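See below for start06.txt, which holds compact mmCIF, C-alpha atoms (C1' of nucleotides).
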# COMPACT_ATOMS: atom_id res chain seq x y z
CA MET A 185 -24.71 -1.89 -10.80
CA GLY A 186 -24.78 -3.12 -7.28
CA HIS A 187 -22.73 -0.16 -6.14
CA CYS A 188 -24.63 2.30 -4.06
CA LEU A 189 -23.68 5.80 -3.07
CA THR A 190 -22.02 4.84 0.18
CA THR A 191 -19.58 2.55 -1.56
CA LEU A 192 -16.77 5.02 -2.05
CA PRO A 193 -16.67 6.49 1.47
CA SER A 194 -16.98 3.10 3.16
CA LEU A 195 -14.34 1.64 0.92
CA ARG A 196 -12.14 4.57 1.84
CA ASP A 197 -12.68 3.90 5.53
CA ALA A 198 -11.75 0.26 5.09
CA LEU A 199 -8.75 0.95 2.91
CA ASP A 200 -7.41 3.49 5.36
CA VAL A 201 -7.07 0.74 7.92
CA VAL A 202 -6.29 -2.24 5.82
CA SER A 203 -4.64 -1.20 2.59
CA GLY A 204 -0.99 -1.69 2.03
CA LYS A 205 1.19 -4.60 1.14
CA TRP A 206 1.50 -6.27 4.50
CA LYS A 207 -1.31 -5.76 7.00
CA LEU A 208 -3.60 -8.52 5.83
CA MET A 209 -0.66 -10.86 5.37
CA ILE A 210 0.35 -10.25 8.96
CA LEU A 211 -3.15 -10.92 10.22
CA VAL A 212 -3.22 -14.20 8.35
CA ALA A 213 0.19 -15.14 9.67
CA LEU A 214 -1.05 -14.50 13.20
CA ALA A 215 -4.26 -16.39 12.57
CA THR A 216 -2.32 -19.40 11.36
CA GLY A 217 -0.47 -19.74 14.60
CA HIS A 218 2.61 -17.56 14.28
CA GLN A 219 2.73 -15.56 17.46
CA ARG A 220 6.33 -14.53 17.89
CA PHE A 221 8.01 -11.70 16.07
CA ARG A 222 10.67 -13.77 14.35
CA ASP A 223 8.17 -16.45 13.61
CA ILE A 224 5.85 -14.02 11.86
CA GLU A 225 8.79 -12.49 10.06
CA ARG A 226 9.89 -15.85 8.70
CA SER A 227 6.41 -16.84 7.65
CA ILE A 228 5.94 -13.80 5.42
CA PRO A 229 8.41 -13.87 2.56
CA GLY A 230 9.83 -10.51 1.70
CA ILE A 231 8.89 -8.57 4.81
CA SER A 232 11.60 -6.81 6.76
CA SER A 233 11.78 -6.53 10.53
CA LYS A 234 11.48 -2.79 10.32
CA VAL A 235 8.25 -2.91 8.37
CA LEU A 236 6.89 -5.75 10.47
CA ALA A 237 7.54 -3.83 13.67
CA LYS A 238 5.84 -0.77 12.28
CA GLU A 239 2.83 -2.61 10.90
CA LEU A 240 2.34 -4.50 14.15
CA LYS A 241 2.23 -1.20 16.01
CA ASP A 242 -0.30 0.06 13.50
CA LEU A 243 -2.46 -3.02 13.87
CA GLU A 244 -2.26 -2.71 17.63
CA GLN A 245 -3.46 0.88 17.46
CA HIS A 246 -6.37 -0.18 15.30
CA GLN A 247 -7.19 -2.80 17.92
CA LEU A 248 -6.74 -5.67 15.55
CA VAL A 249 -3.76 -7.16 17.35
CA ARG A 250 -2.58 -7.42 20.93
CA ARG A 251 1.04 -7.47 22.02
CA THR A 252 1.82 -9.28 25.23
CA VAL A 253 5.08 -9.28 27.12
CA GLN A 254 5.73 -12.10 29.54
CA GLU A 255 8.53 -10.93 31.76
CA GLY A 256 11.18 -13.58 31.84
CA PRO A 257 13.89 -14.33 31.76
CA PRO A 258 13.71 -14.89 28.96
CA VAL A 259 11.34 -12.11 28.06
CA LEU A 260 8.69 -13.52 25.79
CA VAL A 261 6.75 -11.31 23.40
CA THR A 262 3.65 -12.68 21.76
CA TYR A 263 1.24 -11.21 19.31
CA GLU A 264 -2.30 -12.36 18.77
CA VAL A 265 -5.22 -11.31 16.63
CA LEU A 266 -8.04 -9.83 18.61
CA PRO A 267 -11.57 -11.06 17.95
CA TYR A 268 -12.36 -7.87 16.09
CA ALA A 269 -9.83 -8.83 13.44
CA ASP A 270 -11.95 -11.84 12.60
CA THR A 271 -14.44 -9.46 11.07
CA LEU A 272 -11.88 -9.09 8.31
CA ASP A 273 -12.21 -12.75 7.39
CA PRO A 274 -14.63 -12.11 4.54
CA VAL A 275 -12.21 -9.58 3.08
CA ILE A 276 -9.32 -11.98 3.35
CA PHE A 277 -11.37 -14.81 1.96
CA ALA A 278 -12.52 -12.75 -1.01
CA LEU A 279 -9.01 -11.56 -1.77
CA ARG A 280 -7.59 -15.02 -1.44
CA GLU A 281 -10.17 -16.50 -3.82
CA TRP A 282 -9.48 -13.75 -6.27
CA GLY A 283 -5.74 -14.31 -5.97
CA ILE A 284 -6.13 -18.02 -6.71
CA ASN A 285 -8.22 -17.23 -9.75
CA HIS A 286 -6.02 -14.46 -10.96
CA ARG A 287 -2.97 -16.67 -10.84
CA ARG A 288 -4.84 -19.23 -12.90
CA LYS A 289 -5.69 -16.56 -15.41
CA ILE A 290 -2.14 -15.28 -15.68
CA MET A 291 -0.65 -18.74 -15.98
CA GLY A 292 -3.30 -19.79 -18.47
CA ALA A 293 -2.76 -16.74 -20.64
CA SER A 294 0.99 -17.32 -20.97
CA SER A 295 0.61 -20.92 -22.19
CA GLU A 296 -2.31 -20.30 -24.54
CA VAL A 297 -0.55 -18.23 -27.23
CA MET B 258 -9.03 -21.68 11.61
CA GLY B 259 -10.40 -21.48 8.12
CA HIS B 260 -7.04 -20.46 6.75
CA CYS B 261 -5.32 -23.09 4.68
CA LEU B 262 -1.74 -23.21 3.50
CA THR B 263 -2.38 -21.46 0.21
CA THR B 264 -3.78 -18.42 1.91
CA LEU B 265 -0.62 -16.40 2.14
CA PRO B 266 0.62 -16.86 -1.44
CA SER B 267 -2.81 -16.26 -2.94
CA LEU B 268 -3.33 -13.23 -0.81
CA ARG B 269 0.04 -11.98 -1.99
CA ASP B 270 -0.97 -12.47 -5.61
CA ALA B 271 -4.17 -10.54 -5.06
CA LEU B 272 -2.54 -7.76 -3.09
CA ASP B 273 0.11 -7.30 -5.75
CA VAL B 274 -2.60 -6.31 -8.19
CA VAL B 275 -5.09 -4.63 -6.00
CA SER B 276 -3.47 -3.21 -2.90
CA GLY B 277 -2.89 0.45 -2.44
CA LYS B 278 -5.03 3.41 -1.63
CA TRP B 279 -6.65 4.05 -4.96
CA LYS B 280 -7.08 1.09 -7.29
CA LEU B 281 -10.33 -0.25 -5.88
CA MET B 282 -11.69 3.24 -5.52
CA ILE B 283 -11.01 3.85 -9.19
CA LEU B 284 -12.72 0.64 -10.20
CA VAL B 285 -15.77 1.61 -8.23
CA ALA B 286 -15.76 5.07 -9.74
CA LEU B 287 -15.67 3.52 -13.19
CA ALA B 288 -18.38 1.04 -12.30
CA THR B 289 -20.63 3.83 -11.11
CA GLY B 290 -20.58 5.54 -14.45
CA HIS B 291 -17.59 7.85 -14.42
CA GLN B 292 -15.80 7.21 -17.68
CA ARG B 293 -13.80 10.34 -18.38
CA PHE B 294 -10.52 11.22 -16.77
CA ARG B 295 -11.63 14.44 -15.16
CA ASP B 296 -14.87 12.88 -14.17
CA ILE B 297 -13.14 10.06 -12.34
CA GLU B 298 -10.74 12.51 -10.77
CA ARG B 299 -13.56 14.61 -9.41
CA SER B 300 -15.46 11.63 -8.09
CA ILE B 301 -12.58 10.42 -5.92
CA PRO B 302 -11.82 12.95 -3.21
CA GLY B 303 -8.13 13.39 -2.59
CA ILE B 304 -6.70 11.75 -5.68
CA SER B 305 -4.34 13.73 -7.88
CA SER B 306 -4.20 13.59 -11.65
CA LYS B 307 -0.70 12.22 -11.54
CA VAL B 308 -1.65 9.28 -9.38
CA LEU B 309 -4.85 8.71 -11.28
CA ALA B 310 -3.00 8.58 -14.59
CA LYS B 311 -0.51 6.14 -13.17
CA GLU B 312 -3.07 3.88 -11.53
CA LEU B 313 -5.18 3.80 -14.67
CA LYS B 314 -2.15 2.62 -16.64
CA ASP B 315 -1.54 -0.02 -14.01
CA LEU B 316 -5.13 -1.22 -14.15
CA GLU B 317 -4.96 -1.31 -17.92
CA GLN B 318 -1.87 -3.50 -17.79
CA HIS B 319 -3.62 -5.85 -15.42
CA GLN B 320 -6.51 -6.00 -17.89
CA LEU B 321 -9.00 -4.62 -15.46
CA VAL B 322 -9.65 -1.43 -17.40
CA ARG B 323 -9.71 -0.41 -21.04
CA ARG B 324 -8.78 2.99 -22.36
CA THR B 325 -10.44 4.07 -25.56
CA VAL B 326 -9.59 7.07 -27.66
CA GLN B 327 -12.20 8.36 -30.07
CA GLU B 328 -10.37 10.57 -32.50
CA GLY B 329 -12.21 13.82 -32.73
CA PRO B 330 -12.14 16.58 -32.79
CA PRO B 331 -12.60 16.75 -29.97
CA VAL B 332 -10.51 13.78 -28.98
CA LEU B 333 -12.51 11.80 -26.49
CA VAL B 334 -10.85 9.47 -24.01
CA THR B 335 -12.98 7.00 -22.11
CA TYR B 336 -12.17 4.41 -19.54
CA GLU B 337 -14.28 1.40 -18.74
CA VAL B 338 -14.00 -1.56 -16.43
CA LEU B 339 -13.51 -4.80 -18.29
CA PRO B 340 -15.69 -7.78 -17.35
CA TYR B 341 -12.76 -9.36 -15.58
CA ALA B 342 -12.80 -6.54 -13.06
CA ASP B 343 -16.25 -7.66 -11.99
CA THR B 344 -14.61 -10.65 -10.39
CA LEU B 345 -13.36 -8.17 -7.81
CA ASP B 346 -16.90 -7.37 -6.73
CA PRO B 347 -16.81 -9.75 -3.76
CA VAL B 348 -13.61 -8.09 -2.57
CA ILE B 349 -15.08 -4.63 -2.91
CA PHE B 350 -18.28 -5.73 -1.27
CA ALA B 351 -16.47 -7.29 1.68
CA LEU B 352 -14.29 -4.25 2.16
CA ARG B 353 -17.22 -1.90 1.90
CA GLU B 354 -19.21 -3.84 4.49
CA TRP B 355 -16.24 -3.86 6.77
CA GLY B 356 -15.76 -0.14 6.27
CA ILE B 357 -19.35 0.57 7.21
CA ASN B 358 -19.01 -1.53 10.33
CA HIS B 359 -15.66 -0.16 11.28
CA ARG B 360 -16.93 3.38 11.10
CA ARG B 361 -19.78 2.39 13.37
CA LYS B 362 -17.30 0.93 15.80
CA ILE B 363 -15.06 3.97 15.81
CA MET B 364 -17.95 6.39 16.18
CA GLY B 365 -19.56 4.24 18.85
CA ALA B 366 -16.35 3.95 20.84
CA SER B 367 -15.88 7.73 21.07
CA SER B 368 -19.36 8.31 22.53
CA GLU B 369 -19.42 5.33 24.90
CA VAL B 370 -16.70 6.43 27.32
C1' DA C 230 -9.31 37.40 -28.28
C1' DT C 231 -9.51 35.30 -24.03
C1' DC C 232 -11.05 32.07 -20.81
C1' DT C 233 -12.21 27.30 -19.66
C1' DT C 234 -12.18 22.36 -20.04
C1' DT C 235 -9.83 18.05 -21.08
C1' DG C 236 -6.25 14.66 -20.47
C1' DC C 237 -2.55 14.50 -19.21
C1' DT C 238 3.03 15.40 -18.07
C1' DT C 239 6.80 17.44 -15.56
C1' DA C 240 9.54 19.26 -11.71
C1' DC C 241 9.96 19.25 -7.19
C1' DC C 242 9.53 17.73 -2.33
C1' DA C 243 7.92 14.56 1.37
C1' DA C 244 6.70 10.21 3.14
C1' DA C 245 7.13 5.36 3.07
C1' DA C 246 9.48 1.13 2.11
C1' DG C 247 13.58 -1.68 1.67
C1' DT C 248 18.63 -2.76 3.17
C1' DG C 249 22.07 -3.87 6.24
C1' DA C 250 24.07 -3.37 10.35
C1' DG C 251 23.85 -3.59 15.10
C1' DC C 252 22.49 -4.24 19.98
C1' DA C 253 20.98 -5.95 24.69
C1' DG C 254 19.56 -9.94 26.83
C1' DC C 255 19.41 -14.49 27.07
C1' DT C 256 20.59 -19.73 25.90
C1' DA C 257 23.54 -23.53 24.25
C1' DC C 258 27.71 -25.68 23.75
C1' DC C 259 32.09 -27.26 24.51
C1' DG D 174 34.35 -18.63 29.89
C1' DG D 175 34.47 -17.80 25.13
C1' DT D 176 32.00 -17.79 21.27
C1' DA D 177 28.10 -18.66 18.69
C1' DG D 178 23.14 -18.23 18.11
C1' DC D 179 18.45 -16.69 18.81
C1' DT D 180 15.05 -12.94 19.98
C1' DG D 181 12.87 -8.51 19.35
C1' DC D 182 13.71 -5.06 17.91
C1' DT D 183 16.11 -0.03 16.38
C1' DC D 184 19.09 3.06 13.50
C1' DA D 185 21.13 5.16 9.49
C1' DC D 186 20.89 5.04 4.84
C1' DT D 187 19.17 4.55 -0.01
C1' DT D 188 15.44 3.77 -3.10
C1' DT D 189 10.85 3.95 -4.35
C1' DT D 190 6.40 5.83 -4.11
C1' DG D 191 3.16 9.73 -3.25
C1' DG D 192 1.53 14.26 -3.24
C1' DT D 193 1.53 19.35 -4.87
C1' DA D 194 1.60 22.79 -8.17
C1' DA D 195 2.28 24.20 -12.37
C1' DG D 196 1.85 23.88 -17.15
C1' DC D 197 0.60 22.56 -21.90
C1' DA D 198 -1.71 21.51 -26.49
C1' DA D 199 -6.06 21.03 -28.52
C1' DA D 200 -10.62 22.30 -28.56
C1' DG D 201 -15.04 24.90 -27.18
C1' DA D 202 -17.52 28.57 -25.26
C1' DT D 203 -18.21 33.69 -24.81
Write the structure described by the file as structure tokens, please.
Amino acid sequence: MGHCLTTLPSLRDALDVVSGKWKLMILVALATGHQRFRDIERSIPGISSKVLAKELKDLEQHQLVRRTVQEGPPVLVTYEVLPYADTLDPVIFALREWGINHRRKIMGASSEV
Amino acid sequence: MGHCLTTLPSLRDALDVVSGKWKLMILVALATGHQRFRDIERSIPGISSKVLAKELKDLEQHQLVRRTVQEGPPVLVTYEVLPYADTLDPVIFALREWGINHRRKIMGASSEV
DNA sequence: ATCTTTGCTTACCAAAAGTGAGCAGCTACC
DNA sequence: GGTAGCTGCTCACTTTTGGTAAGCAAAGAT
């Protein structure tokens, strides 16, 4: 119910860009004001610099993020979400709401035995 | 903007359950009436039986899916989405919408050079 | 009897993710 | 000026995950 025939292919298209452990997290980190590599890295618990570097490149290729180098010294590298990435807000919002709820469910279940 | 401090952790919670290439696709497949293993497998292009079996177990553990065995003969195994999985509808909807739009963007970009 | 379908599992290999170290370029401090 | 620290990464390595192909028992169809 509510799922039409184009659901699977479109979902596939979206997941191909956005699935994975880190991409959405990185976008949120950027959107909340973390622009520098180390800053982003610190704001996302558990991510490694290797993965961050790779995911940022990916996001750049998908035109969701822009990398800017201000020649120094010191050289300053900044990342920012491009406007197009804002179109992912509903996805992030939905996931976040679900996450909040799911945590409630899990916590609730363990104490209600 | 619009992102509060609980965004990252909640997003993490959600992604831990739901991220990956296949889980949402499987839920949609189930929701659109595919209940049998082979049926699901055929409805999701590119998935392998190994991965499907593993993801189904995962989804079962997260209480999003129920596996039912009707002793036969023939033995009949059916999978169904549990009501709780419906709470993911907004996520799926948002992703699907984004996928539709993203495809438009990609296609558009290649012809508008 | 043989072939097909179902619901998987098992080996095997490849790709991705995580770990830890390191490195060039700069600053900060005494 | 020596050493310590930060930045934005990369490299080599191990571990985990994914994908591919085959196979298998139970049953049904021909």
inquiry  = For DG247 in chain C, find every residue with an atom within 9 Å (counting only C-alpha atoms (C1' of nucleotides)), except residues of its own chain fewer than 5 positions away, and show them as an MDAnalysis selection string.
reply    = (chainID A and resid 231:232 234:235) or (chainID D and resid 187:189)
query = Interatomic distance between CA of Trp282 in chain A and CA of Ala271 in chain B?
reply =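 Separation of CA of Trp282 in chain A and CA of Ala271 in chain B: 6.3 Å.
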Hey, could you make a per-residue contact list for chain A against chain D with 8 Å as the cut-off, showing the nearest pair of atoms and its distance in Å to one decimal, counting all atoms listed in the file, sorted by chain and number, as CSV?
residue,atom,partner,partner_atom,distance
A:Phe221,CA,D:DG181,C1',6.7
A:Arg222,CA,D:DT180,C1',7.2
A:Ser233,CA,D:DC182,C1',7.8
A:Ala237,CA,D:DC182,C1',7.6
A:Val261,CA,D:DG181,C1',7.9
Same-sequence superposition of chain A onto chain B, all C-alpha, as a short mmCIF file (atom, residue, chain, number, x, y, z; two decimals) with C-alpha atoms, keeping the file's coordinate frame:
data_model
loop_
_atom_site.label_atom_id
_atom_site.label_comp_id
_atom_site.auth_asym_id
_atom_site.auth_seq_id
_atom_site.Cartn_x
_atom_site.Cartn_y
_atom_site.Cartn_z
CA MET A 185 -9.01 -21.66 11.70
CA GLY A 186 -10.40 -21.53 8.24
CA HIS A 187 -7.05 -20.48 6.86
CA CYS A 188 -5.35 -23.10 4.80
CA LEU A 189 -1.79 -23.25 3.62
CA THR A 190 -2.41 -21.54 0.32
CA THR A 191 -3.81 -18.46 1.99
CA LEU A 192 -0.62 -16.46 2.21
CA PRO A 193 0.62 -16.96 -1.36
CA SER A 194 -2.81 -16.36 -2.89
CA LEU A 195 -3.32 -13.30 -0.76
CA ARG A 196 0.06 -12.09 -1.93
CA ASP A 197 -0.94 -12.58 -5.55
CA ALA A 198 -4.14 -10.63 -5.02
CA LEU A 199 -2.50 -7.85 -3.06
CA ASP A 200 0.18 -7.42 -5.69
CA VAL A 201 -2.50 -6.42 -8.15
CA VAL A 202 -5.01 -4.72 -5.99
CA SER A 203 -3.37 -3.29 -2.91
CA GLY A 204 -2.76 0.37 -2.55
CA LYS A 205 -4.87 3.34 -1.68
CA TRP A 206 -6.57 3.96 -4.98
CA LYS A 207 -7.02 1.01 -7.33
CA LEU A 208 -10.25 -0.34 -5.91
CA MET A 209 -11.63 3.17 -5.54
CA ILE A 210 -10.95 3.79 -9.20
CA LEU A 211 -12.66 0.58 -10.22
CA VAL A 212 -15.72 1.55 -8.22
CA ALA A 213 -15.72 5.02 -9.71
CA LEU A 214 -15.65 3.48 -13.18
CA ALA A 215 -18.34 0.99 -12.28
CA THR A 216 -20.60 3.76 -11.07
CA GLY A 217 -20.58 5.48 -14.40
CA HIS A 218 -17.60 7.81 -14.36
CA GLN A 219 -15.83 7.20 -17.61
CA ARG A 220 -13.84 10.33 -18.30
CA PHE A 221 -10.55 11.21 -16.70
CA ARG A 222 -11.67 14.43 -15.07
CA ASP A 223 -14.91 12.84 -14.07
CA ILE A 224 -13.15 10.01 -12.28
CA GLU A 225 -10.75 12.46 -10.72
CA ARG A 226 -13.57 14.54 -9.30
CA SER A 227 -15.46 11.55 -8.00
CA ILE A 228 -12.56 10.33 -5.87
CA PRO A 229 -11.76 12.85 -3.17
CA GLY A 230 -8.09 13.28 -2.53
CA ILE A 231 -6.68 11.67 -5.65
CA SER A 232 -4.33 13.67 -7.83
CA SER A 233 -4.22 13.58 -11.61
CA LYS A 234 -0.71 12.23 -11.53
CA VAL A 235 -1.64 9.26 -9.39
CA LEU A 236 -4.86 8.68 -11.29
CA ALA A 237 -3.02 8.60 -14.59
CA LYS A 238 -0.50 6.16 -13.22
CA GLU A 239 -3.04 3.87 -11.59
CA LEU A 240 -5.17 3.80 -14.73
CA LYS A 241 -2.15 2.66 -16.71
CA ASP A 242 -1.53 -0.01 -14.10
CA LEU A 243 -5.11 -1.21 -14.22
CA GLU A 244 -4.97 -1.28 -17.99
CA GLN A 245 -1.86 -3.45 -17.89
CA HIS A 246 -3.59 -5.83 -15.52
CA GLN A 247 -6.48 -5.98 -17.98
CA LEU A 248 -8.96 -4.61 -15.53
CA VAL A 249 -9.64 -1.42 -17.44
CA ARG A 250 -9.75 -0.38 -21.08
CA ARG A 251 -8.82 3.04 -22.38
CA THR A 252 -10.51 4.16 -25.56
CA VAL A 253 -9.68 7.19 -27.64
CA GLN A 254 -12.33 8.51 -29.98
CA GLU A 255 -10.53 10.75 -32.41
CA GLY A 256 -12.32 14.04 -32.55
CA PRO A 257 -12.26 16.85 -32.60
CA PRO A 258 -12.69 16.97 -29.78
CA VAL A 259 -10.66 13.95 -28.85
CA LEU A 260 -12.63 11.93 -26.37
CA VAL A 261 -10.94 9.54 -23.95
CA THR A 262 -13.05 7.05 -22.07
CA TYR A 263 -12.19 4.44 -19.54
CA GLU A 264 -14.27 1.41 -18.74
CA VAL A 265 -13.98 -1.59 -16.47
CA LEU A 266 -13.48 -4.80 -18.33
CA PRO A 267 -15.63 -7.79 -17.41
CA TYR A 268 -12.70 -9.38 -15.64
CA ALA A 269 -12.75 -6.56 -13.11
CA ASP A 270 -16.19 -7.68 -12.02
CA THR A 271 -14.54 -10.68 -10.44
CA LEU A 272 -13.30 -8.21 -7.86
CA ASP A 273 -16.84 -7.42 -6.77
CA PRO A 274 -16.76 -9.79 -3.81
CA VAL A 275 -13.57 -8.14 -2.60
CA ILE A 276 -15.06 -4.69 -2.95
CA PHE A 277 -18.27 -5.77 -1.33
CA ALA A 278 -16.47 -7.33 1.62
CA LEU A 279 -14.28 -4.28 2.12
CA ARG A 280 -17.21 -1.94 1.84
CA GLU A 281 -19.23 -3.87 4.43
CA TRP A 282 -16.26 -3.89 6.72
CA GLY A 283 -15.75 -0.16 6.22
CA ILE A 284 -19.37 0.57 7.13
CA ASN A 285 -19.04 -1.51 10.26
CA HIS A 286 -15.69 -0.15 11.22
CA ARG A 287 -16.94 3.40 11.00
CA ARG A 288 -19.81 2.44 13.27
CA LYS A 289 -17.36 0.98 15.72
CA ILE A 290 -15.11 4.02 15.72
CA MET A 291 -17.98 6.45 16.07
CA GLY A 292 -19.60 4.34 18.76
CA ALA A 293 -16.41 4.08 20.77
CA SER A 294 -15.87 7.85 20.89
CA SER A 295 -19.36 8.58 22.27
CA GLU A 296 -19.47 5.72 24.77
CA VAL A 297 -16.84 6.93 27.26
#
Please, what is the axis-aligned box for every listed atom of range 269-280 of chain A with 6 Å on each side, as centre and edge lengths in Å to one decimal, as lines of an AutoDock Vina configuration file?
center_x = -11.1
center_y = -11.9
center_z = 5.8
size_x = 19.0
size_y = 18.2
size_z = 27.2
Output the contact residues of chain A with respect to chain C at a cut-off of 12 Å, based on all atoms listed in the file, as a PDB file with C-alpha atoms, in the frame of the given file.
ATOM      1  CA  GLY A 204      -0.990  -1.690   2.030  1.00  0.00           C
ATOM      2  CA  LYS A 205       1.190  -4.600   1.140  1.00  0.00           C
ATOM      3  CA  TRP A 206       1.500  -6.270   4.500  1.00  0.00           C
ATOM      4  CA  GLY A 230       9.830 -10.510   1.700  1.00  0.00           C
ATOM      5  CA  ILE A 231       8.890  -8.570   4.810  1.00  0.00           C
ATOM      6  CA  SER A 232      11.600  -6.810   6.760  1.00  0.00           C
ATOM      7  CA  SER A 233      11.780  -6.530  10.530  1.00  0.00           C
ATOM      8  CA  LYS A 234      11.480  -2.790  10.320  1.00  0.00           C
ATOM      9  CA  VAL A 235       8.250  -2.910   8.370  1.00  0.00           C
ATOM     10  CA  LEU A 236       6.890  -5.750  10.470  1.00  0.00           C
ATOM     11  CA  LYS A 238       5.840  -0.770  12.280  1.00  0.00           C
ATOM     12  CA  GLU A 239       2.830  -2.610  10.900  1.00  0.00           C
ATOM     13  CA  GLY A 256      11.180 -13.580  31.840  1.00  0.00           C
ATOM     14  CA  PRO A 257      13.890 -14.330  31.760  1.00  0.00           C
ATOM     15  CA  PRO A 258      13.710 -14.890  28.960  1.00  0.00           C
ATOM     16  CA  VAL A 259      11.340 -12.110  28.060  1.00  0.00           C
ATOM     17  CA  LEU A 260       8.690 -13.520  25.790  1.00  0.00           C
TER      18      LEU A 260
END
task = For chain B, list the residues within 10 Å of chain A, counting all atoms listed in the file, and write the list as a PyMOL selection string.
result = chain B and resi 258-279+281-283+285-286+288-290+300-302+319+341+344-360+363
Near-Leu321 in chain B list (8 Å; only C-alpha atoms (C1' of nucleotides); drop same-chain fewer than 2 positions) as a short mmCIF file (atom, residue, chain, number, x, y, z; two decimals) with C-alpha atoms, keeping the file's coordinate frame:
data_model
loop_
_atom_site.label_atom_id
_atom_site.label_comp_id
_atom_site.auth_asym_id
_atom_site.auth_seq_id
_atom_site.Cartn_x
_atom_site.Cartn_y
_atom_site.Cartn_z
CA LEU B 316 -5.13 -1.22 -14.15
CA GLU B 317 -4.96 -1.31 -17.92
CA GLN B 318 -1.87 -3.50 -17.79
CA HIS B 319 -3.62 -5.85 -15.42
CA ARG B 323 -9.71 -0.41 -21.04
CA VAL B 338 -14.00 -1.56 -16.43
CA LEU B 339 -13.51 -4.80 -18.29
CA PRO B 340 -15.69 -7.78 -17.35
CA TYR B 341 -12.76 -9.36 -15.58
CA ALA B 342 -12.80 -6.54 -13.06
#
All heavy atoms are what I want for range 324-329 of chain B; can you complete it accordingly and write them as a tab-separated table (two decimals), in the frame of the given file?
chain	number	residue	atom	x	y	z
B	324	ARG	N	-8.82	1.58	-21.98
B	324	ARG	CA	-8.78	2.99	-22.36
B	324	ARG	C	-9.10	3.06	-23.84
B	324	ARG	O	-8.53	2.34	-24.66
B	324	ARG	CB	-7.37	3.51	-22.10
B	324	ARG	CG	-7.17	4.98	-22.43
B	324	ARG	CD	-5.73	5.36	-22.11
B	324	ARG	NE	-5.47	6.78	-22.28
B	324	ARG	CZ	-4.97	7.31	-23.41
B	324	ARG	NH1	-4.72	6.55	-24.44
B	324	ARG	NH2	-4.73	8.61	-23.47
B	325	THR	N	-10.03	3.94	-24.17
B	325	THR	CA	-10.44	4.07	-25.56
B	325	THR	C	-10.31	5.52	-26.00
B	325	THR	O	-10.76	6.41	-25.29
B	325	THR	CB	-11.91	3.65	-25.74
B	325	THR	OG1	-12.13	2.43	-25.03
B	325	THR	CG2	-12.24	3.45	-27.20
B	326	VAL	N	-9.70	5.72	-27.12
B	326	VAL	CA	-9.59	7.07	-27.66
B	326	VAL	C	-10.44	7.17	-28.92
B	326	VAL	O	-10.26	6.42	-29.86
B	326	VAL	CB	-8.13	7.40	-28.04
B	326	VAL	CG1	-8.03	8.82	-28.54
B	326	VAL	CG2	-7.21	7.16	-26.85
B	327	GLN	N	-11.41	8.07	-28.87
B	327	GLN	CA	-12.20	8.36	-30.07
B	327	GLN	C	-11.61	9.60	-30.70
B	327	GLN	O	-11.77	10.70	-30.18
B	327	GLN	CB	-13.64	8.67	-29.69
B	327	GLN	CG	-14.57	7.48	-29.67
B	327	GLN	CD	-16.00	7.94	-29.38
B	327	GLN	OE1	-16.55	8.75	-30.13
B	327	GLN	NE2	-16.55	7.45	-28.29
B	328	GLU	N	-10.98	9.42	-31.85
B	328	GLU	CA	-10.37	10.57	-32.50
B	328	GLU	C	-11.47	11.56	-32.84
B	328	GLU	O	-12.54	11.20	-33.32
B	328	GLU	CB	-9.64	10.12	-33.76
B	328	GLU	CG	-8.38	9.29	-33.47
B	328	GLU	CD	-7.36	10.00	-32.57
B	328	GLU	OE1	-7.42	11.25	-32.47
B	328	GLU	OE2	-6.53	9.31	-31.94
B	329	GLY	N	-11.20	12.78	-32.59
B	329	GLY	CA	-12.21	13.82	-32.73
B	329	GLY	C	-12.04	14.56	-34.03
B	329	GLY	O	-11.77	13.92	-35.02
